[in-house]
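Participant: Enclosed is the structure file structure_11.txt (compact mmCIF, C-alpha atoms).
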# COMPACT_ATOMS: atom_id res chain seq x y z
CA MET A 235 27.72 -23.02 30.03
CA LYS A 236 30.92 -21.27 28.92
CA LYS A 237 29.90 -21.88 25.33
CA SER A 238 26.50 -20.24 25.94
CA ILE A 239 28.09 -17.18 27.56
CA PHE A 240 30.53 -16.89 24.67
CA LEU A 241 27.70 -17.09 22.14
CA LEU A 242 25.73 -14.47 24.08
CA ILE A 243 28.69 -12.09 24.03
CA VAL A 244 29.14 -12.61 20.28
CA VAL A 245 25.43 -11.92 19.64
CA ILE A 246 25.49 -8.74 21.75
CA ALA A 247 28.66 -7.54 20.02
CA LEU A 248 27.20 -8.14 16.56
CA ALA A 249 23.94 -6.39 17.50
CA SER A 250 25.90 -3.38 18.79
CA ILE A 251 27.91 -3.12 15.57
CA ASN A 252 24.72 -3.34 13.53
CA ALA A 253 22.95 -0.69 15.60
CA CYS A 254 25.95 1.61 15.36
CA THR A 255 26.11 1.21 11.59
CA LEU A 256 22.44 2.13 11.21
CA PHE A 257 22.71 5.04 13.62
CA CYS A 258 25.76 6.45 11.86
CA THR A 259 24.07 6.09 8.48
CA ASN A 260 21.00 7.96 9.62
CA ASN A 261 23.11 10.70 11.12
CA ALA A 262 25.01 11.03 7.88
CA THR A 263 21.74 11.31 6.03
CA GLU A 264 20.47 14.10 8.21
CA ASN A 265 23.70 16.06 8.34
CA ASP A 266 25.34 16.03 4.99
CA THR A 267 22.77 15.13 2.38
CA GLU A 268 20.51 18.14 2.08
CA GLN A 269 22.80 19.97 -0.30
CA ASP A 270 23.66 16.76 -2.20
CA ILE A 271 20.08 15.70 -2.84
CA THR A 272 18.33 16.50 -6.10
CA TRP A 273 14.66 16.65 -5.26
CA ILE A 274 12.54 15.11 -7.99
CA ASP A 275 10.09 17.37 -9.78
CA PHE A 276 7.56 15.05 -11.39
CA SER A 277 5.69 16.26 -14.43
CA PHE A 278 2.08 15.29 -14.98
CA SER A 279 1.66 17.18 -18.22
CA GLN A 280 0.73 15.06 -21.21
CA SER A 281 2.87 17.24 -23.45
CA LYS A 282 6.07 17.16 -21.39
CA TYR A 283 8.38 14.12 -21.60
CA GLN A 284 5.98 12.58 -24.10
CA GLU A 285 8.35 9.85 -25.32
CA TYR A 286 9.21 8.93 -21.73
CA ARG A 287 5.54 8.90 -20.76
CA ASP A 288 4.94 6.48 -23.63
CA VAL A 289 7.51 4.08 -22.18
CA VAL A 290 5.63 4.06 -18.87
CA ARG A 291 2.22 3.86 -20.53
CA ASN A 292 3.31 0.95 -22.72
CA TYR A 293 4.74 -0.96 -19.79
CA PHE A 294 1.56 -0.60 -17.72
CA GLU A 295 -0.78 -0.91 -20.70
CA GLU A 296 -2.65 -3.96 -19.35
CA ASP A 297 -3.03 -2.40 -15.91
CA PHE A 298 -4.35 0.84 -17.35
CA LYS A 299 -6.91 -1.20 -19.30
CA ASP A 300 -8.02 -2.92 -16.08
CA ILE A 301 -8.49 0.46 -14.45
CA ALA A 302 -10.37 1.87 -17.43
CA GLU A 303 -12.75 -1.10 -17.41
CA VAL A 304 -13.74 -0.29 -13.83
CA ASP A 305 -13.36 3.47 -13.64
CA GLY A 306 -13.79 4.50 -17.24
CA GLU A 307 -10.60 6.54 -16.95
CA LYS A 308 -9.08 7.11 -20.35
CA ASP A 309 -5.61 7.77 -19.01
CA VAL A 310 -4.27 7.13 -15.55
CA LYS A 311 -2.53 10.17 -14.14
CA PHE A 312 1.10 9.55 -13.28
CA GLY A 313 4.22 11.60 -12.71
CA VAL A 314 7.38 11.32 -14.78
CA ALA A 315 10.87 12.72 -14.26
CA ILE A 316 14.17 12.01 -15.98
CA GLU A 317 17.59 11.61 -14.47
CA ASP A 318 20.81 9.84 -15.38
CA LEU A 319 20.66 7.38 -12.51
CA ASN A 320 23.76 5.33 -13.34
CA SER A 321 26.09 7.97 -14.80
CA ASP A 322 26.15 6.34 -18.24
CA GLY A 323 25.20 9.54 -20.02
CA GLN A 324 21.69 8.30 -20.84
CA GLN A 325 18.50 9.63 -19.32
CA ASP A 326 16.58 7.16 -17.21
CA ILE A 327 12.92 7.49 -16.31
CA ILE A 328 11.51 7.85 -12.82
CA ALA A 329 7.76 7.29 -12.58
CA ALA A 330 5.33 7.69 -9.71
CA LEU A 331 1.89 6.12 -9.89
CA ALA A 332 -0.41 7.25 -7.11
CA HIS A 333 -3.43 5.20 -8.17
CA SER A 334 -4.77 2.71 -5.61
CA TYR A 335 -4.59 -0.01 -8.28
CA PHE A 336 -0.84 -0.02 -7.76
CA VAL A 337 -0.52 0.73 -4.07
CA GLY A 338 -3.23 -1.12 -2.19
CA ALA A 339 -4.68 0.39 0.96
CA ARG A 340 -1.53 1.16 2.88
CA TYR A 341 0.69 3.24 0.61
CA ASP A 342 0.55 6.46 -1.37
CA CYS A 343 2.50 5.75 -4.49
CA LEU A 344 4.32 3.15 -6.59
CA LEU A 345 7.77 4.53 -7.33
CA CYS A 346 9.56 2.86 -10.21
CA ILE A 347 12.32 3.45 -12.71
CA PHE A 348 13.13 2.54 -16.28
CA ILE A 349 16.87 2.29 -16.86
CA GLN A 350 17.91 3.08 -20.41
CA ASN A 351 20.35 0.74 -22.08
CA ASP A 352 20.93 1.96 -25.63
CA GLU A 353 17.43 2.12 -27.09
CA ALA A 354 15.76 -0.24 -24.61
CA TYR A 355 14.43 0.46 -21.14
CA LYS A 356 14.36 -2.02 -18.29
CA TYR A 357 11.81 -1.73 -15.52
CA TYR A 358 12.81 -1.75 -11.86
CA PRO A 359 10.40 -1.08 -9.00
CA ILE A 360 11.62 0.93 -6.04
CA ASN A 361 8.29 -0.23 -4.58
CA GLN A 362 5.23 1.12 -2.85
CA ILE A 363 6.12 4.14 -0.76
CA THR A 364 4.49 6.49 1.69
CA LEU A 365 4.53 10.22 1.00
CA GLY A 366 3.00 11.37 4.24
CA TYR A 367 0.32 13.73 5.47
CA ASP A 368 0.14 17.44 6.14
CA PHE A 369 -1.69 17.27 9.46
CA GLU A 370 -1.81 21.02 9.87
CA ASN A 371 -3.84 21.48 6.68
CA ASP A 372 -5.48 18.05 6.80
CA LYS A 373 -4.19 17.24 3.34
CA PRO A 374 -2.15 14.37 1.98
CA ARG A 375 1.23 15.19 0.53
CA PHE A 376 1.08 14.79 -3.21
CA ILE A 377 3.75 13.81 -5.70
CA GLU A 378 2.69 16.91 -7.65
CA ASP A 379 4.46 18.85 -4.88
CA SER A 380 7.35 16.43 -4.73
CA LYS A 381 10.07 19.01 -5.32
CA SER A 382 8.82 21.78 -3.06
CA GLU A 383 7.84 19.31 -0.36
CA LYS A 384 11.18 17.49 -0.72
CA LEU A 385 9.45 14.14 -0.92
CA ILE A 386 11.53 12.09 -3.32
CA GLY A 387 15.16 12.75 -4.08
CA VAL A 388 18.30 11.20 -5.52
CA ARG A 389 21.92 11.62 -4.54
CA ASP A 390 25.22 10.12 -5.59
CA SER A 391 26.21 6.91 -3.90
CA LYS A 392 29.60 6.36 -2.34
CA ASP A 393 29.51 2.66 -3.26
CA SER A 394 27.82 2.44 -6.64
CA ALA A 395 27.49 4.22 -9.97
CA TYR A 396 23.76 4.15 -9.35
CA LYS A 397 22.31 7.04 -7.40
CA GLU A 398 20.49 6.48 -4.14
CA PHE A 399 16.82 7.25 -3.70
CA ILE A 400 15.60 9.26 -0.73
CA THR A 401 11.91 8.94 0.19
CA PRO A 402 10.04 10.11 3.27
CA GLN A 403 10.51 6.76 4.98
CA TYR A 404 13.48 4.96 3.50
CA ILE A 405 16.74 5.33 1.60
CA TYR A 406 17.06 2.88 -1.27
CA THR A 407 20.37 1.83 -2.79
CA TRP A 408 21.32 -0.21 -5.84
CA ASP A 409 22.16 -3.79 -4.89
CA GLY A 410 23.31 -4.95 -8.33
CA ASP A 411 19.92 -6.26 -9.33
CA GLY A 412 17.65 -3.39 -8.48
CA TYR A 413 16.95 -0.99 -5.66
CA ALA A 414 16.58 -2.25 -2.11
CA LYS A 415 15.81 -0.59 1.19
CA PHE A 416 19.00 0.55 2.81
CA SER A 417 17.89 2.29 5.96
CA GLU A 418 14.91 3.88 7.56
CA ILE A 419 14.78 7.62 7.90
CA GLU A 420 13.72 8.79 11.32
CA VAL A 421 10.71 11.04 11.23
CA GLU A 422 10.25 13.63 13.94
CA MET B 35 -5.55 -18.37 12.43
CA GLY B 36 -8.10 -17.72 15.12
CA LYS B 37 -11.23 -17.79 13.04
CA GLY B 38 -14.36 -17.41 15.09
CA TYR B 39 -12.76 -15.66 18.06
CA LYS B 40 -14.79 -13.08 19.88
CA SER B 41 -13.88 -9.53 19.08
CA SER B 42 -12.10 -7.84 21.95
CA TYR B 43 -12.29 -4.31 20.62
CA ASP B 44 -15.52 -2.55 21.32
CA ASN B 45 -15.18 0.23 18.79
CA LEU B 46 -15.00 -2.18 15.90
CA ASP B 47 -18.05 -3.99 17.19
CA GLY B 48 -19.84 -0.65 17.22
CA ALA B 49 -18.81 0.04 13.68
CA LEU B 50 -20.00 -3.33 12.52
CA ALA B 51 -23.27 -2.91 14.37
CA TYR B 52 -23.78 0.42 12.62
CA ALA B 53 -23.22 -1.27 9.31
CA GLY B 54 -25.76 -3.94 10.25
CA TRP B 55 -23.26 -6.78 10.37
CA ALA B 56 -23.22 -7.43 14.10
CA GLU B 57 -25.87 -8.96 16.29
CA THR B 58 -28.70 -6.61 17.23
CA GLU B 59 -29.13 -5.86 20.91
CA THR B 60 -32.31 -7.28 22.42
CA ASN B 61 -34.58 -5.86 25.07
CA GLU B 62 -33.92 -7.88 28.22
CA ASP B 63 -37.56 -7.56 29.40
CA THR B 64 -38.82 -9.38 26.36
CA PRO B 65 -38.30 -13.12 26.19
CA ALA B 66 -35.66 -13.76 23.62
CA PRO B 67 -36.79 -15.90 20.73
CA THR B 68 -34.97 -19.15 20.16
CA PRO B 69 -31.89 -18.12 18.30
CA GLU B 70 -31.59 -19.30 14.76
CA PRO B 71 -28.32 -21.00 13.97
CA LYS B 72 -26.01 -18.43 12.48
CA PRO B 73 -25.18 -18.95 8.85
CA THR B 74 -21.55 -19.70 8.19
CA ALA B 75 -21.17 -16.30 6.57
CA SER B 76 -21.68 -14.58 9.94
CA LEU B 77 -19.13 -16.71 11.72
CA PHE B 78 -16.41 -16.78 9.13
CA GLY B 79 -17.57 -14.04 6.83
CA TYR B 80 -16.65 -10.51 5.87
CA ASN B 81 -17.27 -9.37 9.44
CA GLN B 82 -14.49 -11.70 10.52
CA PHE B 83 -12.33 -10.53 7.64
CA LEU B 84 -12.63 -6.94 8.87
CA GLU B 85 -11.92 -7.89 12.46
CA ASP B 86 -8.81 -9.79 11.45
CA LEU B 87 -7.71 -6.97 9.17
CA ALA B 88 -8.24 -4.32 11.85
CA GLN B 89 -6.33 -6.40 14.34
CA ARG B 90 -3.46 -6.79 11.91
CA GLU B 91 -3.31 -3.17 10.76
CA SER B 92 -4.08 -1.19 13.92
CA SER B 93 -4.47 -3.68 16.76
CA GLY B 94 -8.16 -2.85 16.50
CA ASN B 95 -7.68 0.81 17.40
CA PRO B 96 -9.90 3.14 15.32
CA THR B 97 -7.92 6.21 16.40
CA ALA B 98 -4.58 4.76 15.34
CA VAL B 99 -2.65 7.04 13.03
CA ASN B 100 0.98 6.68 12.05
CA GLN B 101 3.43 9.50 11.30
CA PHE B 102 2.60 9.28 7.60
CA GLY B 103 -1.10 9.83 8.13
CA PHE B 104 -2.37 6.32 7.61
CA ALA B 105 -5.43 6.29 9.71
CA GLY B 106 -7.86 4.19 11.62
CA LEU B 107 -8.71 0.55 12.00
CA TYR B 108 -7.58 -0.39 8.50
CA GLN B 109 -4.76 2.16 8.06
CA MET B 110 -6.14 3.43 4.77
CA GLY B 111 -4.06 5.82 2.71
CA THR B 112 -5.30 8.58 0.45
CA PRO B 113 -5.54 6.57 -2.82
CA ALA B 114 -7.68 3.96 -1.05
CA LEU B 115 -9.93 6.67 0.42
CA VAL B 116 -10.29 8.16 -3.06
CA ASP B 117 -11.38 4.77 -4.37
CA ALA B 118 -13.83 4.50 -1.47
CA GLY B 119 -15.33 7.85 -2.48
CA PHE B 120 -14.43 9.43 0.85
CA LYS B 121 -11.82 11.77 -0.66
CA ASP B 122 -11.59 13.43 -4.02
CA ASN B 123 -8.47 13.57 -6.15
CA ASN B 124 -7.40 16.74 -4.35
CA GLY B 125 -7.46 14.98 -1.02
CA THR B 126 -10.58 16.78 0.17
CA TRP B 127 -13.25 14.95 2.15
CA THR B 128 -16.27 14.36 -0.10
CA ASP B 129 -20.01 14.70 0.43
CA LEU B 130 -20.11 10.97 1.08
CA ALA B 131 -17.64 11.43 3.93
CA HIS B 132 -19.75 14.33 5.22
CA GLN B 133 -22.77 12.02 5.36
CA TYR B 134 -20.85 10.08 7.99
CA GLY B 135 -19.92 13.24 9.84
CA VAL B 136 -16.38 13.25 8.50
CA TYR B 137 -14.97 16.67 7.64
CA SER B 138 -11.42 16.07 8.83
CA LYS B 139 -8.98 13.31 9.60
CA GLU B 140 -9.83 13.74 13.27
CA ASP B 141 -13.52 13.15 12.48
CA PHE B 142 -12.56 10.08 10.49
CA LEU B 143 -10.52 8.69 13.37
CA ASN B 144 -13.39 9.28 15.77
CA THR B 145 -15.98 7.63 13.55
CA PRO B 146 -15.33 3.89 13.31
CA GLN B 147 -18.50 3.29 11.32
CA ALA B 148 -17.21 5.67 8.64
CA GLN B 149 -13.97 3.73 8.53
CA THR B 150 -15.84 0.47 8.08
CA GLU B 151 -18.05 1.93 5.37
CA ALA B 152 -14.98 3.31 3.59
CA VAL B 153 -13.10 0.02 3.66
CA LYS B 154 -16.20 -1.85 2.50
CA ARG B 155 -16.56 0.47 -0.50
CA TYR B 156 -12.85 0.19 -1.19
CA HIS B 157 -13.02 -3.60 -1.10
CA LYS B 158 -15.91 -3.63 -3.56
CA LYS B 159 -13.78 -1.56 -5.91
CA LEU B 160 -10.80 -3.85 -5.41
CA TRP B 161 -12.96 -6.85 -6.17
CA SER B 162 -13.87 -5.26 -9.51
CA TYR B 163 -10.25 -4.47 -10.33
CA ILE B 164 -9.22 -8.08 -9.83
CA LYS B 165 -12.14 -9.59 -11.70
CA ASN B 166 -9.82 -11.12 -14.27
CA HIS B 167 -8.36 -13.27 -11.51
CA HIS B 168 -11.61 -14.54 -10.00
CA ASP B 169 -11.19 -17.73 -12.02
CA ARG B 170 -8.05 -18.49 -9.96
CA ILE B 171 -10.24 -19.30 -6.95
CA GLY B 172 -9.81 -22.95 -6.02
CA THR B 173 -6.34 -23.18 -7.55
CA GLU B 174 -3.03 -22.96 -5.70
CA ILE B 175 -0.23 -20.45 -5.95
CA PHE B 176 3.07 -20.86 -4.14
CA GLY B 177 1.45 -23.61 -2.08
CA ILE B 178 -1.44 -21.39 -0.93
CA LYS B 179 -5.02 -22.22 -1.85
CA VAL B 180 -6.59 -19.27 -3.62
CA THR B 181 -9.88 -18.17 -2.07
CA ALA B 182 -11.97 -15.07 -2.62
CA SER B 183 -11.08 -13.47 0.71
CA GLY B 184 -7.43 -14.38 0.18
CA LEU B 185 -7.47 -12.66 -3.20
CA LEU B 186 -9.10 -9.59 -1.70
CA ALA B 187 -6.56 -9.44 1.12
CA ALA B 188 -3.65 -9.76 -1.30
CA ALA B 189 -5.06 -6.85 -3.31
CA HIS B 190 -5.60 -4.84 -0.12
CA LEU B 191 -1.90 -5.28 0.64
CA GLY B 192 -0.25 -5.10 -2.75
CA GLY B 193 -2.82 -3.47 -4.96
CA SER B 194 -4.55 -5.06 -7.91
CA GLY B 195 -1.35 -4.72 -9.93
CA GLY B 196 0.40 -6.84 -7.33
CA VAL B 197 -2.24 -9.56 -7.65
CA LYS B 198 -1.90 -9.48 -11.42
CA GLN B 199 1.87 -9.90 -11.02
CA LEU B 200 1.35 -12.79 -8.60
CA PHE B 201 -0.50 -14.65 -11.35
CA GLY B 202 2.15 -14.02 -13.99
CA GLY B 203 1.30 -10.48 -15.05
CA PRO B 204 3.87 -7.77 -15.68
CA LYS B 205 6.14 -6.90 -12.80
CA ALA B 206 4.95 -3.94 -10.80
CA LEU B 207 6.26 -4.65 -7.29
CA LYS B 208 9.54 -5.98 -6.01
CA GLU B 209 9.69 -9.72 -5.51
CA ASN B 210 11.29 -11.81 -2.79
CA ALA B 211 13.75 -14.64 -3.42
CA GLN B 212 10.85 -17.00 -4.23
CA GLY B 213 9.54 -14.62 -6.87
CA ILE B 214 6.52 -13.59 -4.77
CA PRO B 215 5.54 -9.90 -5.04
CA ILE B 216 6.10 -8.02 -1.79
CA ASP B 217 4.59 -4.82 -0.49
CA GLY B 218 6.52 -1.69 0.48
CA ASN B 219 7.46 -3.23 3.81
CA GLY B 220 8.56 -6.55 2.37
CA THR B 221 5.44 -8.57 3.21
CA PRO B 222 4.70 -11.21 0.54
CA LEU B 223 1.22 -10.98 -0.94
CA THR B 224 0.79 -14.70 -0.29
CA GLU B 225 1.10 -14.03 3.45
CA TYR B 226 -2.12 -12.01 3.40
CA MET B 227 -3.68 -14.50 1.00
CA ASN B 228 -3.04 -17.21 3.56
CA LEU B 229 -3.89 -15.19 6.70
CA PHE B 230 -7.21 -13.91 5.41
CA GLY B 231 -8.13 -16.84 3.19
CA GLY B 232 -11.25 -18.97 3.40
CA LEU B 233 -13.68 -16.35 4.69
CA ASP B 234 -17.08 -16.03 3.06
CA LEU B 235 -17.50 -12.67 1.29
CA THR B 236 -21.29 -12.94 0.90
CA ASP B 237 -21.83 -9.99 3.28
CA LEU B 238 -19.68 -7.84 0.99
CA LEU B 239 -20.59 -9.11 -2.46
CA GLY B 240 -24.03 -10.66 -2.03
CA TYR B 241 -22.73 -14.10 -3.04
CA ASN B 242 -19.93 -16.44 -2.09
CA PRO B 243 -17.36 -16.59 -4.89
CA ASP B 244 -15.72 -19.63 -3.28
CA GLU B 245 -18.83 -21.66 -4.11
CA GLY B 246 -18.33 -21.08 -7.82
What is this file in structure tokens?
Facilitator:
Amino acid sequence: MKKSIFLLIVVIALASINACTLFCTNNATENDTEQDITWIDFSFSQSKYQEYRDVVRNYFEEDFKDIAEVDGEKDVKFGVAIEDLNSDGQQDIIAALAHSYFVGARYDCLLCIFIQNDEAYKYYPINQITLGYDFENDKPRFIEDSKSEKLIGVRDSKDSAYKEFITPQYIYTWDGDGYAKFSEIEVE
Amino acid sequence: MGKGYKSSYDNLDGALAYAGWAETETNEDTPAPTPEPKPTASLFGYNQFLEDLAQRESSGNPTAVNQFGFAGLYQMGTPALVDAGFKDNNGTWTDLAHQYGVYSKEDFLNTPQAQTEAVKRYHKKLWSYIKNHHDRIGTEIFGIKVTASGLLAAAHLGGSGGVKQLFGGPKALKENAQGIPIDGNGTPLTEYMNLFGGLDLTDLLGYNPDEG
């Protein structure tokens, strides 16, 4: 009996610590990040970031072929931005693919990155994300408006050389092997 | 999984009736003819797939909408509605949506039959996207038997790119510790493949891919 009570107290204490950590993190996000966040401005122009667009296009070549076979689309529209995500002085690629082929029924966009290491790029998914909906105007929020709408951003991390990603629903941090969900952002 | 359970959500039944997939009401004054045995497709078919999906995504509530705008029985996002032909690439409701009385998200939420038509069209498109994986039906992946409805459900969750990745294609989504692609909320694609597997898609496709 005493053992059970002790275990119960330990569980409650651990849960409280966990809840406090999450709460404090979310508060920190709301209070001190706005000025630290660089909001991503994705480009959809075929002529801008051409070499970076080629990296994305080459990686998803097979998928784009699948889409073309069904839709007849010559080129799948996707957004590209560049940012030095790990402070190594080299530009990394951030890509956003809003085609249903990549997101299924329940998400708006596949957010992914290509980290540059010398001449090579390595692919890392952030994963499928939600961008949200402008209920007032009955319009979805588009990655084309990502900067003005403050949809997807990056900020320096306190714990890693890799920047953190801010999306409408989650904050993602580098876990040594890619980006993982760190905490949920509360939406009013 | 509770295959064959009676639907407990009236709005979905209405939507399915509109689409011609539910039983037709009979006039009680007229003697009812001896009922024909239902084909398996009706009991464990696409109708069931949609009921299970609606229950999973929205608890069967056609007016469900989350804070990110994912709407209705099947919680479809904008890219899926574009594929269904209900929205154009600018996010505007199309003529097809208008045919179902949908001019706004509110209309969409209040029109379950439009939601069912949209998801049906979307699933047909998905089925085309994953055509290169139809030959996986009957095999196993991560201990799950691959069936047509399981494939479709995995694509519904993780996109066609996710299904391609599941079968050894290039990485698009994050993977769990077992190497299984997961959706944006961490759900493995194989979970949907298992949950929604073994249902006959004849009502959607006009044939049953599980029968070869």
Participant: Would you mind listing, for every residue of chain A within 7 Å of chain B, the two atoms forming the shortest contact and the distance between them in Å to one decimal, using all atoms listed in the file, sorted by chain and ascending residue number, as JSON lines?
Facilitator:
{"residue": "A:Asp297", "atom": "CA", "partner": "B:Gly195", "partner_atom": "CA", "distance": 6.6}
{"residue": "A:Asp300", "atom": "CA", "partner": "B:Tyr163", "partner_atom": "CA", "distance": 6.4}
{"residue": "A:Ile301", "atom": "CA", "partner": "B:Tyr163", "partner_atom": "CA", "distance": 6.7}
{"residue": "A:Val304", "atom": "CA", "partner": "B:Tyr163", "partner_atom": "CA", "distance": 6.5}
{"residue": "A:Ala332", "atom": "CA", "partner": "B:Pro113", "partner_atom": "CA", "distance": 6.7}
{"residue": "A:His333", "atom": "CA", "partner": "B:Pro113", "partner_atom": "CA", "distance": 5.9}
{"residue": "A:Ser334", "atom": "CA", "partner": "B:Pro113", "partner_atom": "CA", "distance": 4.8}
{"residue": "A:Tyr335", "atom": "CA", "partner": "B:Ser194", "partner_atom": "CA", "distance": 5.1}
{"residue": "A:Phe336", "atom": "CA", "partner": "B:Gly193", "partner_atom": "CA", "distance": 4.9}
{"residue": "A:Val337", "atom": "CA", "partner": "B:Gly193", "partner_atom": "CA", "distance": 4.9}
{"residue": "A:Gly338", "atom": "CA", "partner": "B:Gly193", "partner_atom": "CA", "distance": 3.7}
{"residue": "A:Ala339", "atom": "CA", "partner": "B:Ala114", "partner_atom": "CA", "distance": 5.1}
{"residue": "A:Arg340", "atom": "CA", "partner": "B:Gly111", "partner_atom": "CA", "distance": 5.3}
{"residue": "A:Tyr341", "atom": "CA", "partner": "B:Gly111", "partner_atom": "CA", "distance": 5.8}
{"residue": "A:Asp342", "atom": "CA", "partner": "B:Gly111", "partner_atom": "CA", "distance": 6.2}
{"residue": "A:Pro359", "atom": "CA", "partner": "B:Leu207", "partner_atom": "CA", "distance": 5.7}
{"residue": "A:Asn361", "atom": "CA", "partner": "B:Gly218", "partner_atom": "CA", "distance": 5.6}
{"residue": "A:Gln362", "atom": "CA", "partner": "B:Gly218", "partner_atom": "CA", "distance": 4.5}
{"residue": "A:Ile363", "atom": "CA", "partner": "B:Gly218", "partner_atom": "CA", "distance": 6.0}
{"residue": "A:Thr364", "atom": "CA", "partner": "B:Phe102", "partner_atom": "CA", "distance": 6.8}
{"residue": "A:Leu365", "atom": "CA", "partner": "B:Phe102", "partner_atom": "CA", "distance": 6.9}
{"residue": "A:Gly366", "atom": "CA", "partner": "B:Phe102", "partner_atom": "CA", "distance": 4.0}
{"residue": "A:Tyr367", "atom": "CA", "partner": "B:Gly103", "partner_atom": "CA", "distance": 4.9}
{"residue": "A:Asp372", "atom": "CA", "partner": "B:Lys139", "partner_atom": "CA", "distance": 6.5}
{"residue": "A:Lys373", "atom": "CA", "partner": "B:Gly125", "partner_atom": "CA", "distance": 5.9}
{"residue": "A:Pro374", "atom": "CA", "partner": "B:Gly125", "partner_atom": "CA", "distance": 6.1}
Participant: What is the atom CA of Ile327 of chain A-atom CA of Lys356 of chain A distance in Å, reported with one decimal?
Facilitator: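 These atoms are spaced 9.8 Å apart.
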Participant: With distances taken over only C-alpha atoms, which residue among A:Ile360, A:Val289, A:Cys343, A:Ile386 lies nearest Tyr406 of chain A?
Facilitator: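 For Tyr406 of chain A, the nearest of the candidates is A:Ile360.
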Participant: Please compute the atom CA of Asn210 of chain B-atom CA of Pro222 of chain B distance, one decimal, in Å.
Facilitator: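 That distance, rounded to one decimal, is 7.4 Å.
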Participant: Step by step, gather every atom of segment 214-233 of chain B that the file lists, find the box along x, y and z that holds them, add 4 Å on each side, and finally give centre and edge lengths in Å to one decimal, as JSON.
Facilitator:
{"center_x": -2.6, "center_y": -10.3, "center_z": 0.8, "size_x": 30.2, "size_y": 25.3, "size_z": 19.7}
Participant: From (11.8, 16.1, -2.1), in the file's coordinates, out to 9 Å: which residues are reached, counting all atoms listed in the file? Answer as a PyMOL selection string.
Facilitator: chain A and resi 271-275+379-388+400-402
Participant: Please list as an NGL selection string every residue within 7 Å of Ala152 of chain B, counting only C-alpha atoms and excluding residues in the same chain fewer than 3 positions away.
Facilitator: :B and (115 or 118 or 120 or 148-149 or 155-156)
Participant: Could you check the closest approach to Leu235 of chain B for each of B:Val136, B:Leu143, B:Leu130, B:Leu84 and tell me which residue wins, using only C-alpha atoms?
Facilitator: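 With only C-alpha atoms as the atom set, the closest residue is B:Leu84.
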Participant: Tell me, in Å to one decimal, how far atom CA of Cys346 of chain A is from atom CA of Asp322 of chain A.
Facilitator: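 Atom CA of Asp322 of chain A lies at a distance of 18.8 Å from atom CA of Cys346 of chain A.
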Participant: Which is closest to Phe294 of chain A among A:Ile349, A:Ile419, A:Leu331, A:Ala354, if we use only C-alpha atoms?
Facilitator: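 Nearest candidate to Phe294 of chain A out of A:Ile349, A:Ile419, A:Leu331, A:Ala354: A:Leu331.
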Participant: Taking into account all atoms listed in the file, which residue in the set A:Val314, A:Ala330, A:Ala302, A:Leu319 is nearest to Glu285 of chain A?
Facilitator: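 Distance minimum relative to Glu285 of chain A lands on A:Val314.
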Participant: Which residues, written as a PyMOL selection string, have at least one atom at most 12 Å from Tyr286 of chain A, with all atoms listed in the file counted and residues fewer than 4 positions away on the same chain left out?
Facilitator: chain A and resi 277-282+290-293+312-317+325-329+347-350+353-355
